[in-house]
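In what follows, a single structure is set out as structure tokens and then discussed.
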Amino acid sequence: MSEKVYAAAPLPFMGQKRRFIKDFKRILKRFDDITAIVDLFGGSGILSHVAKHERPDVRVIYNDYDFYCDRLSHVKTTNEILSTIRPLLVDVPKDKKVPDGLKRQILSIIRGYDDAGYVDYITLSSSLLFSGKYATSYEGLSKQTMYNTMKQSGYSADGYLDGLEVVHCDYRELFARCPDKDKTLFLIDPPYLSTEVGAYKCYWKLTDYLDVLKLLQGTRFIYFTSSKSHIIDLCEWIDDNIQLGGVLNGAEIHTQTNQINYNSGFTDMMLVKA
Ligand SMILES: C[S@@+](CC[C@H](N)C(=O)[O-])C[C@H]1O[C@@H](n2cnc3c(N)ncnc32)[C@H](O)[C@@H]1O
């Protein structure tokens with residue numbers, strides 16, 4: 001396994017839990033009798049990657065539902081595209097709009113790579129679109145206003161997936177397949193509710209969220225959520241009102257605050273049941 005431990009996903013991924021890594025590493029040590037860690041909603045895989053480094057003694061299964069691994073395996077091409085575009089932007093001030101003629105030139109370079117095979121539009125977006133904006137296709141990118149948000153160095157993902165067992169499936173299927181649930185730690189980081197899913201290929205509504213809660217019963221987990229989902233309020237309500245409740249009772253809560261601008265923000269949460 002590579003020595004390098006990543007502090008963040010090597011390629012941009014919205015919703016990655018890099019801010020929890022310090023806490024997460026510490027908490028993993030508590031699960032001393034487990035034989036497997038299953039990252040049901042792997043996303044960028046950063047939690048799986050860190051988990052494998054912290055716990056090389058256990059199997060770590062990364063559910064790569066979005067095929068992030070395809071993006072990782074095309075890092076060289078992505079770097080090549082960015083190196084071709086970078087010199088074209090020297091006269092465009094940082095964070096300023098790319099003039100239309102230049103935009104057309106950039107799109108034609110990208111089109112060439114698209115016709116020849118694969119383009120990682122999400123990664124290119126973080127060098128060509130306004131912060132937080134993503135495109136996932138050529139059409140999507142061409143419709144957006146371009147800005148010079150060019151990253152000045154190349155990406156590297158060497159050794160990132162080392163030691164991980166990578167699968168691509170629905171979380172329910174993976175959960176059902178796990179043989180020794182008593183000895184498994186589940187990492188559960190479902191998508192944000194539908195208004196916020198952005199670049200993910202899914203649309204999550206409240207009932208989907210509630211279905212995930214059913215998995216928590218009787219399992220050992222680290223569960224991530226946000227103040228925006230109101231899931232903790234909901235569990236408390238269920239607890240007070242019907243017998244279904246209790247899944248989050250006794251879970252320890254860790255928080256991270258995200259400031260969006262001076263007067264708004266939200267809190268991400270990590271709940272642990274050992
Ligand atoms: C909040 S993200 C996980 C982020 C991840 N923990 C990280 O740090 O990068 C949720 C992920 O669940 C994936 N997902 C959506 N529906 C899914 C499903 N039915 N089964 C498994 N994963 C799913 C999304 O595509 C997204 O990658």
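Labels used: A, B, ... for chains in the order of the structure tokens, numbers from 1 for residues in each chain, and numbers from 1 for ligands as shown.
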
Considering only C-alpha atoms and all ligand atoms, tabulate each residue of chain A that lies at most 8 Å from ligand 1 along with its nearest interatomic pair and the corresponding distance in Å to one decimal; arrange the rows by chain and ascending residue number and present them as a Markdown table.
| residue | atom | partner | partner_atom_place_in_ligand_line | distance |
| --- | --- | --- | --- | --- |
| A:Ala9 | CA | ligand 1 | 9 (O) | 7.1 |
| A:Phe13 | CA | ligand 1 | 9 (O) | 6.4 |
| A:Met14 | CA | ligand 1 | 9 (O) | 7.4 |
| A:Gly15 | CA | ligand 1 | 1 (C) | 5.0 |
| A:Gln16 | CA | ligand 1 | 8 (O) | 3.3 |
| A:Lys17 | CA | ligand 1 | 8 (O) | 3.9 |
| A:Arg18 | CA | ligand 1 | 8 (O) | 6.4 |
| A:Asp39 | CA | ligand 1 | 6 (N) | 7.6 |
| A:Leu40 | CA | ligand 1 | 21 (C) | 6.0 |
| A:Phe41 | CA | ligand 1 | 12 (O) | 4.1 |
| A:Gly42 | CA | ligand 1 | 5 (C) | 4.8 |
| A:Gly43 | CA | ligand 1 | 27 (O) | 3.4 |
| A:Ser44 | CA | ligand 1 | 9 (O) | 3.7 |
| A:Gly45 | CA | ligand 1 | 9 (O) | 5.3 |
| A:Ile46 | CA | ligand 1 | 8 (O) | 5.3 |
| A:Leu47 | CA | ligand 1 | 8 (O) | 5.6 |
| A:Asn63 | CA | ligand 1 | 21 (C) | 6.7 |
| A:Asp64 | CA | ligand 1 | 27 (O) | 7.2 |
| A:Tyr65 | CA | ligand 1 | 22 (N) | 5.0 |
| A:Asp66 | CA | ligand 1 | 25 (O) | 5.1 |
| A:His168 | CA | ligand 1 | 21 (C) | 7.9 |
| A:Cys169 | CA | ligand 1 | 20 (N) | 6.1 |
| A:Asp170 | CA | ligand 1 | 20 (N) | 3.6 |
| A:Tyr171 | CA | ligand 1 | 20 (N) | 3.9 |
| A:Arg172 | CA | ligand 1 | 20 (N) | 6.8 |
| A:Leu187 | CA | ligand 1 | 6 (N) | 7.8 |
| A:Ile188 | CA | ligand 1 | 6 (N) | 7.5 |
| A:Asp189 | CA | ligand 1 | 3 (C) | 5.1 |
| A:Pro190 | CA | ligand 1 | 10 (C) | 4.5 |
| A:Pro191 | CA | ligand 1 | 10 (C) | 3.9 |
| A:Tyr192 | CA | ligand 1 | 1 (C) | 6.2 |
| A:Tyr200 | CA | ligand 1 | 25 (O) | 4.7 |
| A:Lys201 | CA | ligand 1 | 25 (O) | 5.6 |
| A:Cys202 | CA | ligand 1 | 15 (C) | 5.6 |
| A:Tyr203 | CA | ligand 1 | 16 (N) | 7.8 |
| A:Trp204 | CA | ligand 1 | 16 (N) | 7.5 |
| A:Phe224 | CA | ligand 1 | 6 (N) | 7.9 |

Query raised in the report: A:Val60: which residues within 7 Å, counting only C-alpha atoms, same-chain residues fewer than 2 positions away excluded, as a VMD selection string?
Result: chain A and resid 36 to 38 48 52 58 62 164 to 165

Query raised in the report: When distances are computed from only C-alpha atoms, which of A:Leu11, A:Val247, A:Leu193, A:Leu216 shows the smallest separation from A:Ser156?
Result: A:Leu11

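Closest approach to A:Pro56 among A:Gly140, A:Pro12, A:Gly163, A:Gly250: A:Gly163, based on only C-alpha atoms.
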
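All residues of stretch 30-209 of chain A that DSSP, run on the backbone, classes as strand (DSSP E) are Ala36, Ile37, Val38, Asp39, Arg59, Val60, Ile61, Tyr62, Asn63, Glu165, Val166, Val167, Thr184, Leu185, Phe186, Leu187 and Ile188 of chain A.
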
Please, could you write that set of residues out with C-alpha atoms as a compact mmCIF listing (two decimals), in the first residue's frame?
# COMPACT_ATOMS: atom_id res chain seq x y z
CA ALA A 36 -14.56 -5.09 7.80
CA ILE A 37 -15.45 -1.48 7.09
CA VAL A 38 -18.11 -0.97 4.43
CA ASP A 39 -18.44 2.51 2.93
CA ARG A 59 -11.13 -5.31 4.75
CA VAL A 60 -12.33 -1.96 3.47
CA ILE A 61 -15.07 -1.98 0.85
CA TYR A 62 -15.60 1.24 -1.10
CA ASN A 63 -18.95 1.49 -2.87
CA GLU A 165 -12.11 -3.46 -2.52
CA VAL A 166 -14.06 -1.36 -4.99
CA VAL A 167 -17.67 -2.22 -5.84
CA THR A 184 -18.67 -4.78 10.31
CA LEU A 185 -18.51 -1.03 10.70
CA PHE A 186 -20.80 0.72 8.21
CA LEU A 187 -19.93 4.19 6.95
CA ILE A 188 -23.21 5.82 6.00

Report task. Excluding A:Thr136 and any residue of its chain fewer than 6 positions from it, enumerate the residues within 9 Å of it, using only C-alpha atoms, and give them as a PyMOL selection string. Result -> chain A and resi 120-122+125+199

With C-alpha atoms retained, write the just-selected residues as a JSON list (two decimals), in the first residue's frame.
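Saved to selection-v3.json:
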[["chain", "number", "residue", "atom", "x", "y", "z"],
["A", 120, "ASP", "CA", -13.68, 14.40, -16.65],
["A", 121, "TYR", "CA", -16.04, 17.38, -16.83],
["A", 122, "ILE", "CA", -16.37, 17.73, -13.08],
["A", 125, "SER", "CA", -15.30, 22.58, -14.11],
["A", 199, "ALA", "CA", -23.30, 16.80, -9.36]]

Fewer than 5 positions away in the same chain doesn't count, so skip those; otherwise give me all residues within 10 Å of A:Glu3, counting only C-alpha atoms, as a PDB file with C-alpha atoms, in the first residue's frame.
ATOM      1  CA  HIS A  53      -4.571   3.524   6.227  1.00  0.00           C
ATOM      2  CA  GLY A 159      -1.914   4.886  -4.716  1.00  0.00           C
ATOM      3  CA  TYR A 160      -5.264   6.361  -3.703  1.00  0.00           C
ATOM      4  CA  ASP A 162      -4.523   0.825  -2.865  1.00  0.00           C
TER       5      ASP A 162
END
